[in-house]
Amino acid sequence: MDAGSSDPISQLQRSCHTAFVDTNNTLHVWGGYQVIAGEDVMLPSDEIWLCDLDSGIWHRRQITGDIPPDLLGFCGSYVNNTLYIFGGCDPNGYSNQMFSVDLSERCCSCRRVTNTKGTTPSPRNKHTCWVHKDRLIYFGGYGCKTIAEVQNTSSSSFIVEEMAWTMIGGTLFTCWGWNNEVTVFDIHTSIWSLAETNGSAPSPRSCHASALLGNKGYISGGLGRAELDIFSLDLETWTWTAFDTPLSFTPPGRSMHTMTPVSDHTLFIYGGLGRDGNTLNDAWRFHTVKKEWTKMTQTHNNKPRVCHTACVGRDNDVIMFGGSSNFCVLVDTIAVLRSPGQHLCRDVVVFQTQPYSLFRLCEDFIGRNANLFGNKLSYLPSRLQSKLEKRIVFFSATKPVSTV
């Protein structure tokens, strides 16, 4: 795949980034980090990379304005041609700042979102977001609260991590831990609010996966889960539902995985960090009506991933990008250590989740066998010609996007 600029293609290699696919079948990638000589090196926050998924060609766009600081564990959400970035860890610690990047112009402009109303959520990272009716609805994460905030928080919605607090003058001041809060940001009114939910709420967690189907938000897994539990939240009634499935048919627990909607009632789960501390390469489907898990047969068994992204693309393809292929956590009696030798990825992997249409099959056949058609393609309408030219470039590339 062509980087489309003078920057080395290795700059695409990253983990803990955010990504989305727009209506033009273009993958956008922002943020994340690389590992160089065993050290985490943050990638520039004043640029966003775009990949035309039809041609496989990458190019970079500059971001100007209020550039976000270096961030880890942030949450990125795309709505109405704008990328919203919330939370994460910056050089000063846990953050609850929000930035918005306007992607409608070629030179993207960024601003820090200020003058909001309501109570801004406490600083956090490794949280997730559902975009529903122009609202950003955040769930969970790991972060810090003041002792006053902890005292005003339900004991079931914030779990303090043992030995994780700071003292000032002998007084307990700040606590760190996990939450299961549902906080809402209205992008039109800039109002923050805390949703009052009911039903069987998931336990506080971070490093989980989330997805949106209709008016329901789904979350699964996260740190410390023995099996891959799954919950839904009705975003109209704010009612939680827990899905109970037999343990013998439930995937093993994991964190830092992805969950992607691929039909009106189906979620696609891939990879993550297993309970044994190793990177997983399995794929699963969950049917939200039948409440059934199905392990998928797929050809990407050599693509284990953790801290990657997965987006819905054309024809309900799942577009996986980046992450680590050999992330490993070593646990002993004293500490939990991350293996320094992880390999970060820059490939785009496509999972086909449904049979392709005849049009798509013909399009791809022509792309693979352009030499059979000579100059006959010039007789086609210009829009179709342009599309086929991209597919020809894609299939003639030395390193095409992986497909099922």
# chains A, B, ... in the order shown; residues from 1 in each chain; ligands from 1

$ residues_around --residues "range 264-273 of chain A" --least-positions-apart "4" --cutoff "6 Å" --atoms "only C-alpha atoms" --output "PDB file with N, CA and C atoms, in the first residue's frame"
ATOM      1  N   ARG A 254     -11.693 -11.594  27.947  1.00  0.00           N
ATOM      2  CA  ARG A 254     -10.639 -10.853  27.246  1.00  0.00           C
ATOM      3  C   ARG A 254     -10.829  -9.352  27.470  1.00  0.00           C
ATOM      4  N   SER A 255      -9.808  -8.614  27.139  1.00  0.00           N
ATOM      5  CA  SER A 255      -9.851  -7.154  27.190  1.00  0.00           C
ATOM      6  C   SER A 255      -9.114  -6.616  25.971  1.00  0.00           C
ATOM      7  N   MET A 256      -9.295  -5.315  25.713  1.00  0.00           N
ATOM      8  CA  MET A 256      -8.624  -4.647  24.596  1.00  0.00           C
ATOM      9  C   MET A 256      -8.927  -5.318  23.263  1.00  0.00           C
ATOM     10  N   HIS A 257     -10.151  -5.856  23.132  1.00  0.00           N
ATOM     11  CA  HIS A 257     -10.636  -6.471  21.899  1.00  0.00           C
ATOM     12  C   HIS A 257     -11.548  -5.487  21.176  1.00  0.00           C
ATOM     13  N   THR A 258     -12.165  -5.914  20.085  1.00  0.00           N
ATOM     14  CA  THR A 258     -13.112  -5.065  19.366  1.00  0.00           C
ATOM     15  C   THR A 258     -14.433  -5.789  19.174  1.00  0.00           C
ATOM     16  N   MET A 259     -15.510  -4.994  19.089  1.00  0.00           N
ATOM     17  CA  MET A 259     -16.853  -5.519  18.830  1.00  0.00           C
ATOM     18  C   MET A 259     -17.492  -4.597  17.797  1.00  0.00           C
ATOM     19  N   THR A 260     -17.947  -5.174  16.686  1.00  0.00           N
ATOM     20  CA  THR A 260     -18.405  -4.393  15.546  1.00  0.00           C
ATOM     21  C   THR A 260     -19.779  -4.877  15.096  1.00  0.00           C
ATOM     22  N   ASN A 278      -1.917 -13.453  26.909  1.00  0.00           N
ATOM     23  CA  ASN A 278      -1.444 -13.535  25.527  1.00  0.00           C
ATOM     24  C   ASN A 278      -2.470 -12.953  24.556  1.00  0.00           C
ATOM     25  N   THR A 279      -1.985 -12.543  23.386  1.00  0.00           N
ATOM     26  CA  THR A 279      -2.833 -11.942  22.364  1.00  0.00           C
ATOM     27  C   THR A 279      -3.638 -13.022  21.642  1.00  0.00           C
ATOM     28  N   LEU A 280      -4.938 -12.755  21.437  1.00  0.00           N
ATOM     29  CA  LEU A 280      -5.853 -13.728  20.840  1.00  0.00           C
ATOM     30  C   LEU A 280      -6.055 -13.464  19.353  1.00  0.00           C
ATOM     31  N   ASN A 281      -6.459 -14.526  18.633  1.00  0.00           N
ATOM     32  CA  ASN A 281      -6.704 -14.405  17.189  1.00  0.00           C
ATOM     33  C   ASN A 281      -8.030 -15.050  16.799  1.00  0.00           C
ATOM     34  N   ASP A 282      -8.965 -15.146  17.747  1.00  0.00           N
ATOM     35  CA  ASP A 282     -10.240 -15.792  17.446  1.00  0.00           C
ATOM     36  C   ASP A 282     -11.319 -14.767  17.127  1.00  0.00           C
ATOM     37  N   ALA A 283     -12.299 -15.210  16.332  1.00  0.00           N
ATOM     38  CA  ALA A 283     -13.415 -14.357  15.928  1.00  0.00           C
ATOM     39  C   ALA A 283     -14.729 -15.015  16.345  1.00  0.00           C
ATOM     40  N   TRP A 284     -15.661 -14.191  16.848  1.00  0.00           N
ATOM     41  CA  TRP A 284     -16.940 -14.681  17.332  1.00  0.00           C
ATOM     42  C   TRP A 284     -18.067 -13.794  16.831  1.00  0.00           C
ATOM     43  N   ARG A 285     -19.261 -14.392  16.721  1.00  0.00           N
ATOM     44  CA  ARG A 285     -20.471 -13.640  16.444  1.00  0.00           C
ATOM     45  C   ARG A 285     -21.430 -13.811  17.619  1.00  0.00           C
ATOM     46  N   PHE A 286     -22.119 -12.714  17.954  1.00  0.00           N
ATOM     47  CA  PHE A 286     -23.176 -12.803  18.960  1.00  0.00           C
ATOM     48  C   PHE A 286     -24.467 -12.314  18.341  1.00  0.00           C
ATOM     49  N   HIS A 287     -25.507 -13.169  18.386  1.00  0.00           N
ATOM     50  CA  HIS A 287     -26.817 -12.807  17.855  1.00  0.00           C
ATOM     51  C   HIS A 287     -27.659 -12.269  19.000  1.00  0.00           C
ATOM     52  N   THR A 288     -28.046 -11.001  18.911  1.00  0.00           N
ATOM     53  CA  THR A 288     -28.676 -10.338  20.051  1.00  0.00           C
ATOM     54  C   THR A 288     -30.117 -10.781  20.283  1.00  0.00           C
ATOM     55  N   ARG A 305      -4.449  -9.903  17.453  1.00  0.00           N
ATOM     56  CA  ARG A 305      -4.453  -8.454  17.629  1.00  0.00           C
ATOM     57  C   ARG A 305      -4.940  -8.076  19.024  1.00  0.00           C
ATOM     58  N   VAL A 306      -4.347  -7.003  19.514  1.00  0.00           N
ATOM     59  CA  VAL A 306      -4.800  -6.362  20.741  1.00  0.00           C
ATOM     60  C   VAL A 306      -4.590  -4.857  20.563  1.00  0.00           C
TER      61      VAL A 306
END

$ residues_around --residues "Ile36 in chain A" --least-positions-apart "3" --cutoff "12 Å" --atoms "only C-alpha atoms" --output "list in words"
Ser10, Gln11, Gln13, Arg14, Tyr33, Glu39, Asp40, Val41, Met42, Leu43, Pro340, Gly341, Gln342, His343 and Leu344 of chain A

$ residues_around --residues "range 236-249 of chain A" --least-positions-apart "5" --cutoff "9 Å" --atoms "only C-alpha atoms" --output "number ranges by chain"
A: 195-202, 215-216, 227, 229-231, 288, 291-294

$ write_last_selection --atoms "all heavy atoms" --output "compact mmCIF listing (two decimals), in the first residue's frame"
# COMPACT_ATOMS: atom_id res chain seq x y z
N ALA A 195 -26.50 9.92 33.07
CA ALA A 195 -27.73 9.17 32.87
C ALA A 195 -28.05 8.34 34.12
O ALA A 195 -27.17 7.70 34.69
CB ALA A 195 -27.60 8.26 31.65
N GLU A 196 -29.30 8.37 34.51
CA GLU A 196 -29.76 7.53 35.62
C GLU A 196 -30.32 6.24 35.03
O GLU A 196 -31.40 6.21 34.45
CB GLU A 196 -30.84 8.26 36.43
CG GLU A 196 -30.33 9.51 37.13
CD GLU A 196 -31.39 10.15 38.02
OE1 GLU A 196 -32.48 9.54 38.17
OE2 GLU A 196 -31.13 11.24 38.54
N THR A 197 -29.55 5.18 35.15
CA THR A 197 -29.92 3.91 34.54
C THR A 197 -30.60 2.99 35.53
O THR A 197 -30.51 3.17 36.75
CB THR A 197 -28.68 3.21 33.97
OG1 THR A 197 -27.79 2.86 35.04
CG2 THR A 197 -27.94 4.12 32.99
N ASN A 198 -31.28 1.99 34.99
CA ASN A 198 -31.87 0.94 35.82
C ASN A 198 -31.63 -0.41 35.15
O ASN A 198 -31.11 -0.47 34.04
CB ASN A 198 -33.37 1.20 36.03
CG ASN A 198 -34.10 1.41 34.71
OD1 ASN A 198 -34.37 0.47 33.97
ND2 ASN A 198 -34.41 2.67 34.40
N GLY A 199 -31.99 -1.48 35.83
CA GLY A 199 -31.75 -2.81 35.29
C GLY A 199 -30.44 -3.39 35.76
O GLY A 199 -29.82 -2.90 36.70
N SER A 200 -30.00 -4.46 35.10
CA SER A 200 -28.80 -5.21 35.49
C SER A 200 -27.57 -4.59 34.85
O SER A 200 -27.15 -4.98 33.75
CB SER A 200 -28.94 -6.68 35.07
OG SER A 200 -30.08 -7.26 35.64
N ALA A 201 -26.99 -3.61 35.54
CA ALA A 201 -25.83 -2.90 35.00
C ALA A 201 -24.57 -3.75 35.08
O ALA A 201 -24.41 -4.54 36.02
CB ALA A 201 -25.62 -1.59 35.76
N PRO A 202 -23.66 -3.60 34.13
CA PRO A 202 -22.37 -4.29 34.21
C PRO A 202 -21.53 -3.71 35.35
O PRO A 202 -21.73 -2.57 35.76
CB PRO A 202 -21.73 -4.01 32.85
CG PRO A 202 -22.39 -2.77 32.36
CD PRO A 202 -23.78 -2.79 32.91
N ASN A 215 -31.12 1.48 18.72
CA ASN A 215 -31.10 2.40 19.87
C ASN A 215 -30.55 1.72 21.11
O ASN A 215 -30.82 2.15 22.23
CB ASN A 215 -32.52 2.93 20.14
CG ASN A 215 -33.47 1.83 20.64
OD1 ASN A 215 -33.17 0.64 20.49
ND2 ASN A 215 -34.58 2.22 21.22
N LYS A 216 -29.74 0.68 20.91
CA LYS A 216 -29.15 -0.01 22.05
C LYS A 216 -27.62 -0.01 21.94
O LYS A 216 -27.06 -0.28 20.87
CB LYS A 216 -29.65 -1.45 22.15
CG LYS A 216 -31.13 -1.54 22.53
CD LYS A 216 -31.58 -2.98 22.69
CE LYS A 216 -33.05 -3.04 23.12
NZ LYS A 216 -33.52 -4.44 23.28
N GLU A 227 -15.19 -14.76 31.67
CA GLU A 227 -15.78 -15.08 30.39
C GLU A 227 -16.20 -13.78 29.72
O GLU A 227 -16.20 -12.72 30.33
CB GLU A 227 -17.00 -16.01 30.55
CG GLU A 227 -18.21 -15.38 31.22
CD GLU A 227 -18.06 -15.26 32.73
OE1 GLU A 227 -17.31 -16.05 33.32
OE2 GLU A 227 -18.69 -14.35 33.29
N ASP A 229 -18.61 -11.62 29.03
CA ASP A 229 -19.98 -11.21 29.32
C ASP A 229 -20.42 -10.12 28.36
O ASP A 229 -19.60 -9.46 27.72
CB ASP A 229 -20.12 -10.76 30.78
CG ASP A 229 -19.17 -9.63 31.14
OD1 ASP A 229 -18.38 -9.19 30.27
OD2 ASP A 229 -19.19 -9.18 32.30
N ILE A 230 -21.73 -9.94 28.24
CA ILE A 230 -22.24 -8.94 27.32
C ILE A 230 -23.52 -8.34 27.89
O ILE A 230 -24.35 -9.04 28.49
CB ILE A 230 -22.47 -9.55 25.91
CG1 ILE A 230 -22.81 -8.46 24.88
CG2 ILE A 230 -23.52 -10.64 25.92
CD1 ILE A 230 -22.66 -8.92 23.45
N PHE A 231 -23.64 -7.01 27.75
CA PHE A 231 -24.78 -6.26 28.27
C PHE A 231 -25.25 -5.30 27.18
O PHE A 231 -24.48 -4.87 26.32
CB PHE A 231 -24.38 -5.42 29.49
CG PHE A 231 -23.94 -6.22 30.68
CD1 PHE A 231 -22.66 -6.75 30.76
CD2 PHE A 231 -24.81 -6.42 31.75
CE1 PHE A 231 -22.25 -7.48 31.86
CE2 PHE A 231 -24.41 -7.14 32.86
CZ PHE A 231 -23.13 -7.67 32.92
N THR A 288 -28.05 -11.00 18.91
CA THR A 288 -28.68 -10.34 20.05
C THR A 288 -30.12 -10.78 20.28
O THR A 288 -30.65 -10.57 21.38
CB THR A 288 -28.65 -8.81 19.86
OG1 THR A 288 -29.36 -8.47 18.67
CG2 THR A 288 -27.21 -8.31 19.75
N LYS A 291 -29.59 -14.67 21.29
CA LYS A 291 -28.70 -14.68 22.46
C LYS A 291 -27.73 -15.85 22.37
O LYS A 291 -27.50 -16.58 23.34
CB LYS A 291 -29.51 -14.76 23.76
CG LYS A 291 -30.51 -13.62 23.92
CD LYS A 291 -31.33 -13.76 25.18
CE LYS A 291 -32.36 -12.64 25.27
NZ LYS A 291 -33.21 -12.75 26.48
N GLU A 292 -27.13 -15.99 21.19
CA GLU A 292 -26.23 -17.11 20.92
C GLU A 292 -24.86 -16.62 20.44
O GLU A 292 -24.77 -15.67 19.66
CB GLU A 292 -26.82 -18.02 19.84
CG GLU A 292 -28.05 -18.78 20.28
CD GLU A 292 -28.62 -19.65 19.16
OE1 GLU A 292 -28.15 -19.50 18.00
OE2 GLU A 292 -29.52 -20.44 19.45
N TRP A 293 -23.82 -17.30 20.92
CA TRP A 293 -22.45 -17.08 20.45
C TRP A 293 -22.13 -18.12 19.38
O TRP A 293 -22.51 -19.29 19.49
CB TRP A 293 -21.45 -17.24 21.58
CG TRP A 293 -21.42 -16.13 22.57
CD1 TRP A 293 -21.97 -16.11 23.82
CD2 TRP A 293 -20.78 -14.86 22.42
NE1 TRP A 293 -21.73 -14.93 24.45
CE2 TRP A 293 -20.99 -14.14 23.62
CE3 TRP A 293 -20.05 -14.26 21.39
CZ2 TRP A 293 -20.49 -12.85 23.82
CZ3 TRP A 293 -19.56 -12.99 21.58
CH2 TRP A 293 -19.77 -12.29 22.77
N THR A 294 -21.41 -17.70 18.35
CA THR A 294 -20.93 -18.62 17.32
C THR A 294 -19.47 -18.32 17.05
O THR A 294 -19.11 -17.16 16.77
CB THR A 294 -21.72 -18.45 16.00
OG1 THR A 294 -23.11 -18.64 16.24
CG2 THR A 294 -21.23 -19.46 14.96

$ atom_distance --atom1 "CA of Asp134 in chain A" --atom2 "CA of His308 in chain A"
25.3 Å

$ select_by_dssp --residues "range 120-245 of chain A" --states "helix (DSSP H, G or I)" --output "list in words"
Ile147, Ala148, Glu149, Val150 and Gln151 of chain A

$ residues_around --residues "Pro252 in chain A" --least-positions-apart "6" --cutoff "8 Å" --atoms "only C-alpha atoms" --output "list in words"
Ala226, Glu227, Leu228, Gly274 and Arg275 of chain A

$ select_by_dssp --residues "range 237-327 of chain A" --states "strand (DSSP E or B)" --output "JSON, numbers by chain"
{"A": [239, 240, 241, 242, 252, 254, 255, 258, 259, 260, 261, 262, 263, 266, 267, 268, 269, 270, 273, 274, 278, 279, 283, 284, 285, 286, 287, 292, 293, 294, 295, 306, 309, 310, 311, 312, 318, 319, 320, 321, 324]}

$ closest_residue --among "A:Gln34, A:Ser155, A:Ser210, A:Thr183" --to "Thr309 in chain A" --atoms "only C-alpha atoms"
A:Ser210

$ closest_residue --among "A:Phe20, A:Phe351, A:Tyr356, A:Phe185" --to "Asn301 in chain A" --atoms "only C-alpha atoms"
A:Phe351

$ closest_atom_pairs --of "range 66-89 of chain A" --to "range 119-130 of chain A" --cutoff "8 Å" --atoms "only C-alpha atoms" --output "CSV"
residue,atom,partner,partner_atom,distance
A:Leu72,CA,A:Asn125,CA,7.6
A:Gly73,CA,A:Asn125,CA,4.8
A:Phe74,CA,A:Asn125,CA,5.6
A:Cys75,CA,A:Thr128,CA,6.1
A:Gly76,CA,A:Cys129,CA,7.9
A:Ser77,CA,A:Cys129,CA,6.9
A:Gly87,CA,A:Arg124,CA,5.7
A:Gly88,CA,A:Asn125,CA,4.2
A:Cys89,CA,A:Asn125,CA,6.4

$ residues_around --residues "Val29 in chain A" --least-positions-apart "5" --cutoff "12 Å" --atoms "only C-alpha atoms" --output "PyMOL selection string"
chain A and resi 11-22+43-52+58-61+76-78+83+308-311+319-323+346+348

$ write_last_selection --atoms "C-alpha atoms" --output "CSV table (one decimal), in the first residue's frame"
chain,number,residue,atom,x,y,z
A,11,GLN,CA,4.6,5.9,10.6
A,12,LEU,CA,1.3,4.1,10.0
A,13,GLN,CA,2.4,1.4,12.5
A,14,ARG,CA,0.5,2.0,15.7
A,15,SER,CA,-1.5,0.8,18.6
A,16,CYS,CA,-4.2,2.4,20.9
A,17,HIS,CA,-5.4,4.7,18.1
A,18,THR,CA,-8.9,5.6,17.0
A,19,ALA,CA,-10.3,4.9,13.5
A,20,PHE,CA,-13.6,5.1,11.6
A,21,VAL,CA,-14.8,4.6,8.0
A,22,ASP,CA,-16.8,7.4,6.4
A,43,LEU,CA,2.5,9.6,17.3
A,44,PRO,CA,1.9,13.2,16.1
A,45,SER,CA,-1.5,14.6,17.1
A,46,ASP,CA,-1.4,17.2,14.4
A,47,GLU,CA,-2.1,14.8,11.5
A,48,ILE,CA,-4.8,12.3,10.5
A,49,TRP,CA,-4.2,9.4,8.0
A,50,LEU,CA,-6.7,8.4,5.4
A,51,CYS,CA,-6.9,5.2,3.4
A,52,ASP,CA,-9.1,4.9,0.3
A,58,TRP,CA,-2.9,6.2,2.0
A,59,HIS,CA,-2.5,9.9,2.4
A,60,ARG,CA,-2.1,12.3,5.3
A,61,ARG,CA,-4.0,15.4,6.2
A,76,GLY,CA,-12.5,8.9,19.6
A,77,SER,CA,-16.0,9.3,18.2
A,78,TYR,CA,-17.1,10.4,14.7
A,83,LEU,CA,-14.0,13.7,15.2
A,308,HIS,CA,-6.5,-2.5,17.4
A,309,THR,CA,-9.5,-0.9,15.8
A,310,ALA,CA,-12.4,-2.5,13.8
A,311,CYS,CA,-14.9,-0.5,11.8
A,319,ILE,CA,-12.1,-3.3,8.6
A,320,MET,CA,-9.4,-4.0,11.2
A,321,PHE,CA,-6.3,-1.8,11.4
A,322,GLY,CA,-3.2,-1.6,13.5
A,323,GLY,CA,-2.7,-2.9,17.0
A,346,ARG,CA,0.2,-1.2,10.0
A,348,VAL,CA,-5.5,-3.3,7.0

$ closest_residue --among "A:Leu233, A:Leu377, A:Cys107, A:Cys175" --to "Tyr94 in chain A" --atoms "only C-alpha atoms"
A:Cys175

$ residues_around --residues "Ser193 in chain A" --least-positions-apart "5" --cutoff "12 Å" --atoms "only C-alpha atoms" --output "list in words"
Thr116, Lys117, Gly118, Thr119, Thr120, Pro121, Arg135, Leu136, Ile137, Tyr138, Glu181, Val182, Thr183, Val184, Phe185, Asp186 and Ile187 of chain A

$ closest_residue --among "A:Tyr379, A:Gly214, A:Ala37, A:Lys390" --to "Asp364 in chain A" --atoms "only C-alpha atoms"
A:Lys390

$ closest_residue --among "A:Arg111, A:Lys145, A:Arg391, A:Lys133" --to "Ser95 in chain A" --atoms "only C-alpha atoms"
A:Lys145
